[in-house]
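Enquirer: File follows, work23.tsv with TSV, C-alpha atoms:
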chain	number	residue	atom	x	y	z
R	1	MET	CA	-8.10	99.85	27.74
R	2	SER	CA	-8.38	101.47	24.32
R	3	ASP	CA	-5.50	101.64	21.83
R	4	SER	CA	-4.87	105.28	22.79
R	5	THR	CA	-5.23	105.01	26.58
R	6	VAL	CA	-1.94	105.55	28.38
R	7	ASP	CA	-1.16	103.14	31.20
R	8	GLU	CA	0.79	103.94	34.36
R	9	HIS	CA	4.06	103.08	32.61
R	10	GLY	CA	3.49	105.75	29.96
R	11	MET	CA	2.69	103.23	27.22
R	12	THR	CA	-0.46	103.05	25.13
R	13	ARG	CA	-1.88	99.63	24.32
R	14	ARG	CA	-0.68	100.06	20.73
R	15	GLN	CA	2.84	100.86	21.94
R	16	LEU	CA	2.77	97.87	24.29
R	17	LEU	CA	1.81	95.56	21.43
R	18	ARG	CA	4.47	97.12	19.18
R	19	HIS	CA	7.03	96.69	21.98
R	20	THR	CA	6.17	92.99	22.18
R	21	ALA	CA	6.21	92.52	18.41
R	22	TRP	CA	9.59	94.29	18.10
R	23	PHE	CA	11.25	91.39	19.86
R	24	GLY	CA	9.00	88.68	18.42
R	25	ALA	CA	8.09	87.60	21.93
R	26	ALA	CA	5.67	84.75	22.56
R	27	VAL	CA	4.92	86.34	25.90
R	28	VAL	CA	1.69	87.69	27.34
R	29	LEU	CA	1.95	91.17	28.89
R	30	THR	CA	-0.98	92.27	31.05
R	31	VAL	CA	-1.23	95.65	32.75
R	32	ALA	CA	-3.30	95.49	35.94
R	33	GLY	CA	-3.32	97.38	39.21
R	34	GLY	CA	0.02	99.09	38.70
R	35	GLU	CA	1.71	95.86	37.63
R	36	VAL	CA	2.99	94.53	34.34
R	37	ILE	CA	2.50	90.78	34.52
R	38	SER	CA	4.37	88.79	31.89
R	39	HIS	CA	4.33	85.05	31.50
R	40	ILE	CA	4.82	82.34	28.90
R	41	SER	CA	1.51	81.57	27.28
R	42	GLY	CA	0.24	78.01	27.23
R	43	PRO	CA	-3.04	76.16	26.79
R	44	ALA	CA	-3.33	75.13	30.45
R	45	GLU	CA	-2.30	78.42	32.04
R	46	ALA	CA	-5.81	79.81	32.50
R	47	ALA	CA	-6.77	76.93	34.76
R	48	ALA	CA	-3.48	76.85	36.69
R	49	PRO	CA	-3.49	78.12	40.30
R	50	ASP	CA	-1.82	81.45	40.99
R	51	PRO	CA	1.77	80.54	41.97
R	52	PHE	CA	2.19	83.78	43.93
R	53	ALA	CA	-0.57	82.63	46.29
R	54	ASP	CA	0.82	79.11	46.70
R	55	PRO	CA	2.99	78.78	49.84
R	56	HIS	CA	4.59	75.66	48.37
R	57	ALA	CA	5.67	77.44	45.19
R	58	LEU	CA	9.09	78.98	44.62
R	59	ARG	CA	8.72	82.74	45.06
R	60	PHE	CA	11.56	85.24	44.84
R	61	VAL	CA	12.14	88.94	44.15
R	62	GLN	CA	14.58	90.65	41.78
R	63	VAL	CA	15.78	94.18	42.47
R	64	SER	CA	18.35	95.93	40.33
R	65	ASP	CA	20.50	98.98	39.74
R	66	SER	CA	20.20	100.73	43.10
R	67	HIS	CA	23.32	102.84	42.31
R	68	LEU	CA	23.88	103.87	45.91
R	69	GLY	CA	26.13	106.92	45.85
R	70	PHE	CA	24.68	108.41	42.66
R	71	LYS	CA	24.33	112.19	42.75
R	72	GLY	CA	22.31	113.84	40.02
R	73	THR	CA	19.02	115.41	39.04
R	74	ALA	CA	17.62	112.10	37.72
R	75	ASN	CA	17.23	111.03	41.35
R	76	THR	CA	18.57	113.14	44.19
R	77	ALA	CA	17.86	110.44	46.79
R	78	VAL	CA	18.68	106.97	45.43
R	79	GLU	CA	19.13	105.68	48.99
R	80	ASP	CA	15.52	106.62	49.76
R	81	SER	CA	14.29	104.92	46.60
R	82	PHE	CA	16.14	101.73	47.48
R	83	GLN	CA	14.71	101.87	50.99
R	84	HIS	CA	11.24	102.10	49.41
R	85	ALA	CA	12.07	98.96	47.44
R	86	VAL	CA	13.19	97.16	50.61
R	87	ASN	CA	9.98	98.22	52.35
R	88	GLN	CA	7.92	97.06	49.38
R	89	VAL	CA	9.52	93.62	49.47
R	90	ASN	CA	8.90	93.41	53.20
R	91	GLY	CA	5.26	94.35	52.64
R	92	LEU	CA	4.55	91.50	50.21
R	93	PRO	CA	1.86	89.01	51.23
R	94	PHE	CA	4.48	86.25	51.11
R	95	ARG	CA	8.07	85.88	52.35
R	96	PRO	CA	10.31	85.46	49.30
R	97	ASP	CA	12.59	82.43	49.27
R	98	PHE	CA	15.34	84.87	48.31
R	99	VAL	CA	15.94	88.36	46.95
R	100	MET	CA	18.39	88.74	44.06
R	101	HIS	CA	20.03	92.07	43.26
R	102	THR	CA	21.19	91.96	39.63
R	103	GLY	CA	23.98	94.49	39.84
R	104	ASP	CA	25.05	98.10	40.06
R	105	LEU	CA	24.44	97.90	43.77
R	106	THR	CA	26.69	100.95	44.05
R	107	HIS	CA	27.54	103.81	41.74
R	108	LEU	CA	31.29	104.11	42.36
R	109	SER	CA	32.12	100.85	44.18
R	110	THR	CA	33.48	102.52	47.31
R	111	PRO	CA	33.73	100.54	50.56
R	112	ALA	CA	31.20	102.88	52.17
R	113	GLN	CA	28.70	102.33	49.36
R	114	PHE	CA	29.09	98.55	49.53
R	115	ASP	CA	28.65	98.67	53.28
R	116	GLN	CA	25.52	100.79	52.98
R	117	VAL	CA	23.80	98.52	50.44
R	118	LYS	CA	24.77	95.44	52.45
R	119	GLN	CA	23.27	96.93	55.60
R	120	MET	CA	20.07	97.92	53.78
R	121	MET	CA	19.67	94.48	52.22
R	122	SER	CA	20.18	92.85	55.62
R	123	HIS	CA	16.75	94.18	56.60
R	124	LEU	CA	14.96	92.34	53.80
R	125	ASN	CA	12.42	89.82	55.08
R	126	THR	CA	13.60	86.87	53.02
R	127	GLY	CA	15.31	83.53	53.32
R	128	LYS	CA	18.48	84.77	51.64
R	129	THR	CA	19.89	87.80	49.80
R	130	LEU	CA	21.95	87.18	46.66
R	131	THR	CA	23.76	89.41	44.16
R	132	VAL	CA	25.63	89.58	40.89
R	133	PRO	CA	27.88	92.56	40.11
R	134	GLY	CA	27.30	95.40	37.67
R	135	GLU	CA	30.00	97.42	35.97
R	136	HIS	CA	29.55	100.19	38.55
R	137	ASP	CA	30.54	97.66	41.22
R	138	SER	CA	34.03	97.26	39.75
R	139	VAL	CA	35.03	100.68	38.48
R	140	ASP	CA	38.63	100.58	39.70
R	141	ASP	CA	39.58	97.13	40.97
R	142	ALA	CA	38.11	94.36	38.75
R	143	GLY	CA	35.48	93.68	41.39
R	144	GLN	CA	37.74	93.00	44.39
R	145	LYS	CA	35.76	95.19	46.79
R	146	TYR	CA	32.51	93.71	45.51
R	147	ARG	CA	33.75	90.16	46.13
R	148	ALA	CA	35.02	91.10	49.57
R	149	ALA	CA	31.50	92.25	50.47
R	150	PHE	CA	29.35	89.77	48.51
R	151	GLY	CA	31.58	87.06	47.05
R	152	ALA	CA	31.56	84.45	49.83
R	153	GLY	CA	31.01	80.98	48.41
R	154	THR	CA	31.34	82.04	44.77
R	155	ALA	CA	33.78	80.82	42.14
R	156	GLY	CA	36.07	82.68	39.75
R	157	ASP	CA	35.10	86.35	39.55
R	158	GLY	CA	31.95	85.81	41.58
R	159	TRP	CA	29.76	83.37	39.64
R	160	TYR	CA	27.82	80.51	41.25
R	161	SER	CA	24.84	78.20	40.95
R	162	PHE	CA	22.28	76.66	43.29
R	163	ASP	CA	19.08	74.61	43.33
R	164	LEU	CA	15.82	75.44	45.05
R	165	LYS	CA	12.36	73.84	44.87
R	166	GLY	CA	13.10	72.01	41.65
R	167	VAL	CA	14.66	75.00	39.83
R	168	HIS	CA	18.34	75.33	38.93
R	169	PHE	CA	19.82	78.84	39.14
R	170	LEU	CA	22.93	80.29	37.51
R	171	ALA	CA	24.31	83.63	38.71
R	172	LEU	CA	26.76	84.97	36.15
R	173	VAL	CA	29.30	87.81	35.91
R	174	ASN	CA	29.51	89.61	32.55
R	175	THR	CA	30.72	93.06	33.64
R	176	LEU	CA	34.45	92.70	34.41
R	177	SER	CA	36.04	92.37	30.96
R	178	LEU	CA	34.05	95.05	29.19
R	179	GLU	CA	35.14	96.37	25.84
R	180	LYS	CA	32.00	97.17	23.88
R	181	LEU	CA	29.67	94.46	25.18
R	182	GLY	CA	29.37	92.34	28.27
R	183	HIS	CA	31.71	89.34	28.42
R	184	LEU	CA	31.61	86.01	30.26
R	185	GLY	CA	34.98	84.56	29.31
R	186	ALA	CA	36.32	81.05	28.78
R	187	ASP	CA	36.48	80.05	32.45
R	188	GLN	CA	32.87	81.00	33.11
R	189	LEU	CA	31.66	79.37	29.90
R	190	GLU	CA	33.30	76.14	31.00
R	191	PHE	CA	31.68	76.52	34.43
R	192	ILE	CA	28.25	76.83	32.76
R	193	ARG	CA	28.85	73.82	30.51
R	194	LYS	CA	29.89	71.55	33.38
R	195	ASP	CA	27.28	72.92	35.76
R	196	VAL	CA	24.25	72.08	33.62
R	197	ALA	CA	25.60	68.88	32.05
R	198	LYS	CA	24.34	66.81	34.99
R	199	LEU	CA	20.79	68.16	34.85
R	200	SER	CA	17.80	66.54	33.18
R	201	ALA	CA	16.27	68.41	30.24
R	202	ASP	CA	13.02	69.06	32.12
R	203	THR	CA	14.77	71.03	34.89
R	204	PRO	CA	13.63	74.69	34.84
R	205	ILE	CA	16.67	76.98	34.51
R	206	VAL	CA	16.90	80.59	35.72
R	207	VAL	CA	19.94	82.68	34.77
R	208	PHE	CA	20.83	85.95	36.48
R	209	SER	CA	23.22	88.47	34.94
R	210	HIS	CA	23.64	92.22	34.98
R	211	ILE	CA	24.04	92.90	31.25
R	212	PRO	CA	21.48	91.23	28.96
R	213	LEU	CA	22.41	87.87	27.45
R	214	PHE	CA	20.81	88.88	24.15
R	215	GLU	CA	21.63	91.69	21.73
R	216	MET	CA	19.17	94.23	23.03
R	217	TYR	CA	21.03	97.27	21.69
R	218	PRO	CA	24.71	96.61	20.93
R	219	ALA	CA	25.38	100.24	19.98
R	220	TRP	CA	25.03	101.07	23.68
R	221	GLY	CA	26.75	97.92	24.88
R	222	TRP	CA	23.43	96.28	25.78
R	223	GLY	CA	24.40	92.71	25.02
R	224	THR	CA	27.02	90.05	25.82
R	225	ASP	CA	29.54	89.13	23.13
R	226	ASP	CA	29.87	85.43	24.04
R	227	ALA	CA	26.32	84.82	25.22
R	228	VAL	CA	25.52	82.61	22.20
R	229	GLN	CA	28.04	80.08	23.44
R	230	ALA	CA	26.63	80.17	26.97
R	231	LEU	CA	23.06	79.80	25.74
R	232	SER	CA	23.99	76.86	23.53
R	233	TYR	CA	24.42	74.80	26.69
R	234	LEU	CA	20.84	75.65	27.71
R	235	ARG	CA	19.00	74.93	24.45
R	236	ARG	CA	18.15	71.36	25.47
R	237	PHE	CA	16.15	72.49	28.50
R	238	SER	CA	12.40	72.92	28.19
R	239	SER	CA	12.24	76.16	30.21
R	240	VAL	CA	15.00	78.78	30.55
R	241	THR	CA	14.42	82.25	32.00
R	242	CYS	CA	17.16	84.90	31.91
R	243	LEU	CA	16.76	87.88	34.24
R	244	ASN	CA	19.04	90.92	33.89
R	245	GLY	CA	19.37	94.54	34.95
R	246	HIS	CA	21.63	97.24	33.45
R	247	VAL	CA	19.14	98.84	31.04
R	248	HIS	CA	16.87	100.40	33.72
R	249	GLN	CA	13.65	99.50	31.88
R	250	LEU	CA	11.34	96.58	31.15
R	251	PHE	CA	11.90	94.50	28.04
R	252	THR	CA	10.90	90.92	27.24
R	253	LYS	CA	12.14	88.70	24.42
R	254	THR	CA	11.62	85.02	23.68
R	255	GLU	CA	13.87	82.85	21.51
R	256	GLY	CA	12.69	79.25	21.36
R	257	ASN	CA	12.87	77.82	24.87
R	258	ILE	CA	14.59	80.89	26.36
R	259	THR	CA	12.77	83.96	27.65
R	260	PHE	CA	14.70	87.11	28.58
R	261	HIS	CA	13.36	89.71	31.01
R	262	SER	CA	15.21	93.00	31.54
R	263	ALA	CA	14.31	94.65	34.84
R	264	THR	CA	13.78	98.24	35.75
R	265	THR	CA	15.78	100.07	38.41
R	266	THR	CA	15.30	101.51	41.88
R	267	ALA	CA	17.46	104.55	41.02
R	268	TYR	CA	16.77	106.40	37.75
R	269	PRO	CA	15.51	105.63	34.23
R	270	LEU	CA	17.58	105.42	31.08
R	271	PRO	CA	16.39	106.33	27.55
R	272	LYS	CA	14.74	103.80	25.28
R	273	PRO	CA	17.21	102.13	22.89
R	274	GLY	CA	18.36	104.64	20.30
R	275	ASP	CA	16.57	107.57	21.92
R	276	GLY	CA	19.50	109.96	22.02
R	277	PRO	CA	23.24	109.54	21.61
R	278	ALA	CA	23.94	107.58	24.82
R	279	PRO	CA	22.22	105.86	27.78
R	280	THR	CA	22.56	108.73	30.24
R	281	PRO	CA	20.30	109.16	33.32
R	282	ALA	CA	16.95	110.64	32.35
R	283	THR	CA	15.36	113.34	34.49
R	284	LEU	CA	11.58	112.96	34.48
R	285	PRO	CA	8.94	115.58	35.26
R	286	ALA	CA	8.11	116.11	38.92
R	287	GLY	CA	6.12	113.26	40.40
R	288	LYS	CA	6.87	110.82	37.58
R	289	LEU	CA	10.06	109.16	38.82
R	290	ALA	CA	8.38	106.46	40.92
R	291	ASP	CA	6.45	105.27	37.87
R	292	ALA	CA	9.74	104.32	36.20
R	293	LEU	CA	11.16	102.47	39.24
R	294	GLY	CA	10.15	99.10	40.59
R	295	ILE	CA	10.79	95.57	41.75
R	296	ARG	CA	10.10	92.18	40.15
R	297	GLU	CA	8.29	89.24	41.72
R	298	VAL	CA	8.85	85.79	40.24
R	299	ALA	CA	7.09	82.52	41.06
R	300	TYR	CA	7.27	78.93	39.90
R	301	ARG	CA	4.87	76.15	40.76
R	302	GLN	CA	5.96	72.64	39.86
R	303	GLY	CA	3.86	71.39	36.99
R	304	ASN	CA	3.49	74.83	35.39
R	305	PRO	CA	5.08	75.30	31.94
R	306	GLY	CA	7.20	78.28	32.97
R	307	LEU	CA	7.82	81.03	35.49
R	308	ALA	CA	5.36	83.80	36.30
R	309	VAL	CA	7.00	87.24	36.24
R	310	LYS	CA	5.33	90.28	37.78
R	311	ASP	CA	6.92	93.74	37.48
R	312	VAL	CA	5.55	96.20	40.03
R	313	LYS	CA	6.35	99.92	40.23
R	314	LEU	CA	7.52	101.44	43.51
R	315	ALA	CA	4.62	102.45	45.71
Represent the supplied structure as structure tokens.
Expert:
Amino acid sequence: MSDSTVDEHGMTRRQLLRHTAWFGAAVVLTVAGGEVISHISGPAEAAAPDPFADPHALRFVQVSDSHLGFKGTANTAVEDSFQHAVNQVNGLPFRPDFVMHTGDLTHLSTPAQFDQVKQMMSHLNTGKTLTVPGEHDSVDDAGQKYRAAFGAGTAGDGWYSFDLKGVHFLALVNTLSLEKLGHLGADQLEFIRKDVAKLSADTPIVVFSHIPLFEMYPAWGWGTDDAVQALSYLRRFSSVTCLNGHVHQLFTKTEGNITFHSATTTAYPLPKPGDGPAPTPATLPAGKLADALGIREVAYRQGNPGLAVKDVKLA
């Protein structure tokens, strides 16, 4: 497309390049067929098989910020939007190894809202459904209702790790001790240190959190105050991918061996960083909401230098 052509995400090519340069990202972003495909660039990638088409590859889906229970003009039917996301996952040409929801499952963390999202996620055609909490999932009880619904088998305030198809996963909680920024805390930092100490440096690492683990926009609380300490334990690994929600929009940043991907939402968009006084729900013109919502497909094929990340808008 030309520099002035607007893609389906409302970005010109020039804006897309500026967006990438803003974060200094060594990441390729390709817009094709309603998808934004981002992946770590490397000399052998052009010849590598498509990991999304490989039944032996690790393939999973990230959904985020469904905000069930939200009432507002930005989206008057968040339950319908989340159902569209569930249907879209179930319509994929592959069965994901798991689906991860990266927080703000609910808007007000009521038992009815937790029950509704749990029931909806139970219909996902996947090997397993996983979650981490958002701040909207602990508005009045430090996450007790969230853990009652989704915390089985987790440690501390709901964090955990697991291994699958050669990849090590960390699912972190940085939304319970909020002041200005997200916060992991001493206990969770020690969990991370011990958890990865046993791994070889060539183990691919994927980290899930709700709030970004980099300083995306601290003025709005879009960052985690003790993330530098957590990431210091991951610097020795050759490939680290951090996937978060919270900001309701796509951003990618690379720092050395660590690539950060912020996901969009299934509920409603938020403003770009600094666009207005606060990150309040944005009401889009009629017919434009679905373009701002979406799901994320992720794949990893052993032998590839990193993970393939594909962000797809809601159909």
Enquirer: Using all atoms listed in the file, which of R:Lys253, R:His261, R:His136, R:Lys288 sits nearest Asn75 (chain R)?
Expert: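 Checking each candidate against Asn75 (chain R), we get R:Lys288 as the closest.
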Enquirer: Around the point (29.1, 80.4, 31.2), in the coordinates given by the file, pick out the residues reaching within 10 Å, counting all atoms listed in the file, and return them as a list of chain:residue names.
Expert: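 Residues close enough to count: R:Trp159, R:Leu170, R:Ala171, R:Leu172, R:Val173, R:Asn174, R:His183, R:Leu184, R:Gly185, R:Ala186, R:Asp187, R:Gln188, R:Leu189, R:Glu190, R:Phe191, R:Ile192, R:Arg193, R:Lys194, R:Asp195, R:Val196, R:Asp226, R:Ala227, R:Val228, R:Gln229, R:Ala230, R:Leu231, R:Ser232, R:Tyr233.
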Enquirer: Tell me, counting all atoms listed in the file, for each residue of region 210-247 of chain R within 10 Å of region 291-310 of chain R, which pair of atoms is nearest and how far apart they are in Å to one decimal, in rows ordered by chain and increasing number, as JSON lines.
Expert:
{"residue": "R:Ser238", "atom": "CA", "partner": "R:Pro305", "partner_atom": "CA", "distance": 8.6}
{"residue": "R:Ser239", "atom": "CA", "partner": "R:Gly306", "partner_atom": "CA", "distance": 6.1}
{"residue": "R:Val240", "atom": "CA", "partner": "R:Gly306", "partner_atom": "CA", "distance": 8.2}
{"residue": "R:Thr241", "atom": "CA", "partner": "R:Leu307", "partner_atom": "CA", "distance": 7.6}
{"residue": "R:Leu243", "atom": "CA", "partner": "R:Arg296", "partner_atom": "CA", "distance": 9.9}
Enquirer: Mind checking which residues fall within 7 Å of Phe98 (chain R), counting only C-alpha atoms, ignoring those fewer than 5 positions away in the same chain, and posting them as a PyMOL selection string?
Expert: chain R and resi 60-61+126-129
Enquirer: In Å, with one decimal, what is the gap from CA of Ala286 (chain R) to CA of Thr266 (chain R)?
Expert: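 Separation of CA of Ala286 (chain R) and CA of Thr266 (chain R): 16.5 Å.
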Enquirer: Measure the distance from CA of Ser200 (chain R) to CA of Phe237 (chain R) in Å and round it to one decimal.
Expert: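 So the two atoms, CA of Ser200 (chain R) and CA of Phe237 (chain R), lie 7.7 Å apart.
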Enquirer: What does the structure give for the distance between CA of Gly256 (chain R) and CA of Gly103 (chain R), in Å to one decimal?
Expert: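 Computing the Euclidean distance for CA of Gly256 (chain R) and CA of Gly103 (chain R) yields 26.5 Å.
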Enquirer: What's the 7 Å shell around Thr224 (chain R), counting all atoms listed in the file, without same-chain residues fewer than 3 positions away, as a list in words?
Expert: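 The residues satisfying every condition are Leu181, Gly182, His183, Ile211, Pro212, Leu213, Phe214, Glu215 and Ala227 of chain R.
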Enquirer: Enclose all atoms of region 74-77 of chain R listed in the file in an axis-aligned box, grow every side by 3 Å, and hand back centre and edge lengths in Å to one decimal, as lines of an AutoDock Vina configuration file.
Expert:
center_x = 17.9
center_y = 111.8
center_z = 42.3
size_x = 7.3
size_y = 8.7
size_z = 15.1
Enquirer: Using all atoms listed in the file, which residues sit within 10 Å of Ser138 (chain R) once same-chain residues fewer than 6 positions away are excluded, as a PyMOL selection string?
Expert: chain R and resi 104+106-110+144-147+175-176
Enquirer: Of the residues R:Val312, R:Leu105, R:Val86, R:Met216, which is the one nearest to Ser122 (chain R), using all atoms listed in the file?
Expert: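 Smallest distance to Ser122 (chain R) is found for R:Val86.
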Enquirer: Considering only C-alpha atoms, can you say which of R:Pro269, R:Lys165, R:Ala315, R:Pro55 comes closest to Gln83 (chain R)?
Expert: R:Ala315
Enquirer: Within 12 Å of (25.4, 105.3, 25.3) in the file's own coordinates, which protein, DNA or RNA residues have an atom, counting only C-alpha atoms? List them as a PDB file with C-alpha atoms, keeping the file's coordinate frame.
Expert:
ATOM      1  CA  LYS R 180      32.000  97.170  23.880  1.00  0.00           C
ATOM      2  CA  LEU R 181      29.670  94.460  25.180  1.00  0.00           C
ATOM      3  CA  TYR R 217      21.030  97.270  21.690  1.00  0.00           C
ATOM      4  CA  PRO R 218      24.710  96.610  20.930  1.00  0.00           C
ATOM      5  CA  ALA R 219      25.380 100.240  19.980  1.00  0.00           C
ATOM      6  CA  TRP R 220      25.030 101.070  23.680  1.00  0.00           C
ATOM      7  CA  GLY R 221      26.750  97.920  24.880  1.00  0.00           C
ATOM      8  CA  TRP R 222      23.430  96.280  25.780  1.00  0.00           C
ATOM      9  CA  VAL R 247      19.140  98.840  31.040  1.00  0.00           C
ATOM     10  CA  LEU R 270      17.580 105.420  31.080  1.00  0.00           C
ATOM     11  CA  PRO R 271      16.390 106.330  27.550  1.00  0.00           C
ATOM     12  CA  LYS R 272      14.740 103.800  25.280  1.00  0.00           C
ATOM     13  CA  PRO R 273      17.210 102.130  22.890  1.00  0.00           C
ATOM     14  CA  GLY R 274      18.360 104.640  20.300  1.00  0.00           C
ATOM     15  CA  ASP R 275      16.570 107.570  21.920  1.00  0.00           C
ATOM     16  CA  GLY R 276      19.500 109.960  22.020  1.00  0.00           C
ATOM     17  CA  PRO R 277      23.240 109.540  21.610  1.00  0.00           C
ATOM     18  CA  ALA R 278      23.940 107.580  24.820  1.00  0.00           C
ATOM     19  CA  PRO R 279      22.220 105.860  27.780  1.00  0.00           C
ATOM     20  CA  THR R 280      22.560 108.730  30.240  1.00  0.00           C
ATOM     21  CA  PRO R 281      20.300 109.160  33.320  1.00  0.00           C
TER      22      PRO R 281
END
Enquirer: Which one of R:Asp163, R:Glu135, R:Asp50, R:Asp97 sits closest to Thr203 (chain R) if you count all atoms listed in the file?
Expert: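 Once distances to Thr203 (chain R) are computed over all atoms listed in the file, the minimum belongs to R:Asp163.
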Enquirer: From the list R:Asn125, R:Thr254, R:Ser262, R:Thr76, which residue is nearest Val89 (chain R) when using all atoms listed in the file?
Expert: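 For Val89 (chain R), the nearest of the given residues is R:Asn125.
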Enquirer: Restricting the calculation to only C-alpha atoms, which member of R:Phe150, R:Phe70, R:Phe82, R:Phe94 is positioned closest to Phe52 (chain R)?
Expert: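 That would be R:Phe94, the residue with the smallest distance to Phe52 (chain R).
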Enquirer: Rebuild region 302-313 of chain R to N, CA, C and O atoms - output it as a PDB file, in the coordinates of the input, please.
Expert:
ATOM      1  N   GLN R 302       5.633  73.856  40.584  1.00  0.00           N
ATOM      2  CA  GLN R 302       5.960  72.640  39.860  1.00  0.00           C
ATOM      3  C   GLN R 302       4.734  72.149  39.102  1.00  0.00           C
ATOM      4  O   GLN R 302       3.630  72.110  39.630  1.00  0.00           O
ATOM      5  N   GLY R 303       4.946  71.794  37.859  1.00  0.00           N
ATOM      6  CA  GLY R 303       3.860  71.390  36.990  1.00  0.00           C
ATOM      7  C   GLY R 303       3.446  72.470  36.015  1.00  0.00           C
ATOM      8  O   GLY R 303       2.827  72.179  34.987  1.00  0.00           O
ATOM      9  N   ASN R 304       3.781  73.741  36.320  1.00  0.00           N
ATOM     10  CA  ASN R 304       3.490  74.830  35.390  1.00  0.00           C
ATOM     11  C   ASN R 304       4.516  74.828  34.254  1.00  0.00           C
ATOM     12  O   ASN R 304       5.659  74.404  34.446  1.00  0.00           O
ATOM     13  N   PRO R 305       4.151  75.338  33.077  1.00  0.00           N
ATOM     14  CA  PRO R 305       5.080  75.300  31.940  1.00  0.00           C
ATOM     15  C   PRO R 305       6.234  76.276  32.041  1.00  0.00           C
ATOM     16  O   PRO R 305       7.225  76.137  31.344  1.00  0.00           O
ATOM     17  N   GLY R 306       6.130  77.303  32.857  1.00  0.00           N
ATOM     18  CA  GLY R 306       7.200  78.280  32.970  1.00  0.00           C
ATOM     19  C   GLY R 306       7.047  79.110  34.220  1.00  0.00           C
ATOM     20  O   GLY R 306       6.214  78.806  35.084  1.00  0.00           O
ATOM     21  N   LEU R 307       7.855  80.156  34.325  1.00  0.00           N
ATOM     22  CA  LEU R 307       7.820  81.030  35.490  1.00  0.00           C
ATOM     23  C   LEU R 307       6.845  82.170  35.263  1.00  0.00           C
ATOM     24  O   LEU R 307       6.696  82.662  34.142  1.00  0.00           O
ATOM     25  N   ALA R 308       6.193  82.593  36.333  1.00  0.00           N
ATOM     26  CA  ALA R 308       5.360  83.800  36.300  1.00  0.00           C
ATOM     27  C   ALA R 308       6.216  84.971  36.741  1.00  0.00           C
ATOM     28  O   ALA R 308       6.898  84.902  37.764  1.00  0.00           O
ATOM     29  N   VAL R 309       6.183  86.063  35.975  1.00  0.00           N
ATOM     30  CA  VAL R 309       7.000  87.240  36.240  1.00  0.00           C
ATOM     31  C   VAL R 309       6.082  88.439  36.377  1.00  0.00           C
ATOM     32  O   VAL R 309       5.289  88.726  35.484  1.00  0.00           O
ATOM     33  N   LYS R 310       6.202  89.135  37.497  1.00  0.00           N
ATOM     34  CA  LYS R 310       5.330  90.280  37.780  1.00  0.00           C
ATOM     35  C   LYS R 310       6.210  91.487  38.106  1.00  0.00           C
ATOM     36  O   LYS R 310       6.927  91.500  39.102  1.00  0.00           O
ATOM     37  N   ASP R 311       6.166  92.511  37.265  1.00  0.00           N
ATOM     38  CA  ASP R 311       6.920  93.740  37.480  1.00  0.00           C
ATOM     39  C   ASP R 311       6.021  94.788  38.088  1.00  0.00           C
ATOM     40  O   ASP R 311       4.994  95.135  37.518  1.00  0.00           O
ATOM     41  N   VAL R 312       6.400  95.302  39.250  1.00  0.00           N
ATOM     42  CA  VAL R 312       5.550  96.200  40.030  1.00  0.00           C
ATOM     43  C   VAL R 312       6.314  97.501  40.298  1.00  0.00           C
ATOM     44  O   VAL R 312       7.448  97.490  40.777  1.00  0.00           O
ATOM     45  N   LYS R 313       5.683  98.638  39.996  1.00  0.00           N
ATOM     46  CA  LYS R 313       6.350  99.920  40.230  1.00  0.00           C
ATOM     47  C   LYS R 313       6.434 100.202  41.738  1.00  0.00           C
ATOM     48  O   LYS R 313       5.645  99.681  42.529  1.00  0.00           O
TER      49      LYS R 313
END
